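Participant: There's a structure below that I have some questions on.
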Amino acid sequence: MQAFYESADLNPSFSEQPPEVVEGFCYVCQQEVGFIINTEMIRCDNNWRETMNCPKCGLINRWRSSVHVFEALVQPTAQDRIYLTEAITPLYKEIASRLPGCTGSEYVEGKPLGAKIRLPSGLTRNEDVTRLTFPDGSFEAVLSFDVLEHVPDFKQALREFYRVLAPGGQALISVPFTFQDQTVTRAEMDSEGKVQHLMEPVYHGDPLSDDGVLCYHEFGLDFLKDLRDAGFQDAFLLCFASRRWGYYDANMMFVGRKHF
Ligand SMILES: [Zn+2]
């Protein structure tokens, strides 16, 4: 893990033509590879988190580094119960292939919660992160990667993550992060369940819809206070970058720990 903290350009910018391949070492595959760059994505918004696919496992920067941070921080065993707030992504499939005690879910509004629903990719558990159907203390780790920005009442989701964690459990949460003190609310849900836009709507890629999914929040450092308010006794933000591992750009992971 020491290479995790090596100095690296956090946000390399290539003024002319970005490279199509950069050499590095894939944590998931445990081998030297040439990460494949989506040069169009780099030219459009210089976003390195959603590209840099490993040619072997196919995983992008954000997914590879999420597996790495999860295994380094949690050191999960085959007995551990792990919950991911996604179930049809390559990231879920990778973690589930490593750990038998892995549960994933997607959310389709209006379908029964806690039940299996049929998606084009097959049967998947349906869960609303603000109303999880799991009993208290069900998991050693809760993993939520770039989901909470799409949840209007994300603070209720944090309380639910805390509730379903067993004592000593950890929540690892990545979200779009702005390096500002305050979370910016771009949209909110009114009492009648209608979306009220406070800023120009921004939509992110969604594995369940070609239309994308609305971004409600751009999180700031006060997310650490939100974690503590939800019950987490320890809360910290891990920032990392590494040329060696192919983690370009500013990568973040919020961590909340539930004490014994
Ligand atoms: Zn790989």
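By order of appearance in the structure tokens: chains A, B, ..., then residues from 1 within every chain, and ligands from 1 in the order shown.
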Please, which residues have at least one atom within 6 Å of an atom of ligand 1, using only C-alpha atoms and all ligand atoms, listed as a ChimeraX atom specification?

Facilitator: /A:26,28-29,54,56-57

Participant: At a cut-off of 8 Å, can you tabulate as a Markdown table every residue of range 42-127 of chain A near range 138-154 of chain A together with its closest atom pair and the distance in Å to one decimal, using only C-alpha atoms and ordering rows by chain then number?

Facilitator:
```
| residue | atom | partner | partner_atom | distance |
| --- | --- | --- | --- | --- |
| A:Ser66 | CA | A:Phe145 | CA | 7.9 |
| A:Val74 | CA | A:Ala141 | CA | 7.5 |
| A:Asp80 | CA | A:Glu140 | CA | 5.9 |
| A:Arg81 | CA | A:Phe139 | CA | 4.8 |
| A:Ile82 | CA | A:Ala141 | CA | 5.0 |
| A:Tyr83 | CA | A:Val142 | CA | 4.8 |
| A:Leu84 | CA | A:Leu143 | CA | 4.7 |
| A:Thr85 | CA | A:Ser144 | CA | 5.2 |
| A:Glu86 | CA | A:Ser144 | CA | 7.6 |
```

Participant: Calculate how many Å separate CA of Phe219 in chain A from CA of Ile173 in chain A, rounding to one decimal.

Facilitator: 11.5 Å

Participant: Residues near range 223-237 of chain A, anyone? I mean within 6 Å using only C-alpha atoms, not counting same-chain ones fewer than 3 positions away, as a list in words.

Facilitator: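 Skipping anything fewer than 3 positions along the chain leaves Leu158, Arg159, Gly220, Met253, Phe254, Val255, Gly256, Arg257 and Lys258 of chain A.
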
Participant: With N, CA and C atoms retained, export the selected residues as a JSON list (two decimals), in the first residue's frame.

Facilitator:
```json
[["chain", "number", "residue", "atom", "x", "y", "z"],
["A", 158, "LEU", "N", -27.28, 7.68, 5.02],
["A", 158, "LEU", "CA", -26.14, 7.49, 5.93],
["A", 158, "LEU", "C", -26.60, 6.86, 7.24],
["A", 159, "ARG", "N", -27.77, 7.28, 7.75],
["A", 159, "ARG", "CA", -28.29, 6.68, 8.99],
["A", 159, "ARG", "C", -28.60, 5.20, 8.76],
["A", 220, "GLY", "N", -19.20, 18.50, -0.21],
["A", 220, "GLY", "CA", -18.06, 19.21, 0.35],
["A", 220, "GLY", "C", -17.59, 18.54, 1.62],
["A", 253, "MET", "N", -12.23, 8.87, -1.06],
["A", 253, "MET", "CA", -13.12, 7.89, -0.42],
["A", 253, "MET", "C", -13.41, 8.37, 0.99],
["A", 254, "PHE", "N", -14.70, 8.58, 1.28],
["A", 254, "PHE", "CA", -15.10, 8.86, 2.67],
["A", 254, "PHE", "C", -15.24, 7.54, 3.40],
["A", 255, "VAL", "N", -14.80, 7.54, 4.66],
["A", 255, "VAL", "CA", -14.88, 6.33, 5.46],
["A", 255, "VAL", "C", -15.57, 6.67, 6.78],
["A", 256, "GLY", "N", -16.56, 5.87, 7.13],
["A", 256, "GLY", "CA", -17.22, 6.00, 8.42],
["A", 256, "GLY", "C", -17.06, 4.69, 9.18],
["A", 257, "ARG", "N", -16.65, 4.79, 10.45],
["A", 257, "ARG", "CA", -16.46, 3.57, 11.25],
["A", 257, "ARG", "C", -17.45, 3.55, 12.41],
["A", 258, "LYS", "N", -18.04, 2.39, 12.60],
["A", 258, "LYS", "CA", -18.98, 2.18, 13.72],
["A", 258, "LYS", "C", -18.22, 1.46, 14.83]]
```

Participant: One decimal, Å: what's the distance from CA of Pro100 in chain A over to CA of Ala241 in chain A, could you say?

Facilitator: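 Going from CA of Pro100 in chain A over to CA of Ala241 in chain A, I get 29.4 Å.
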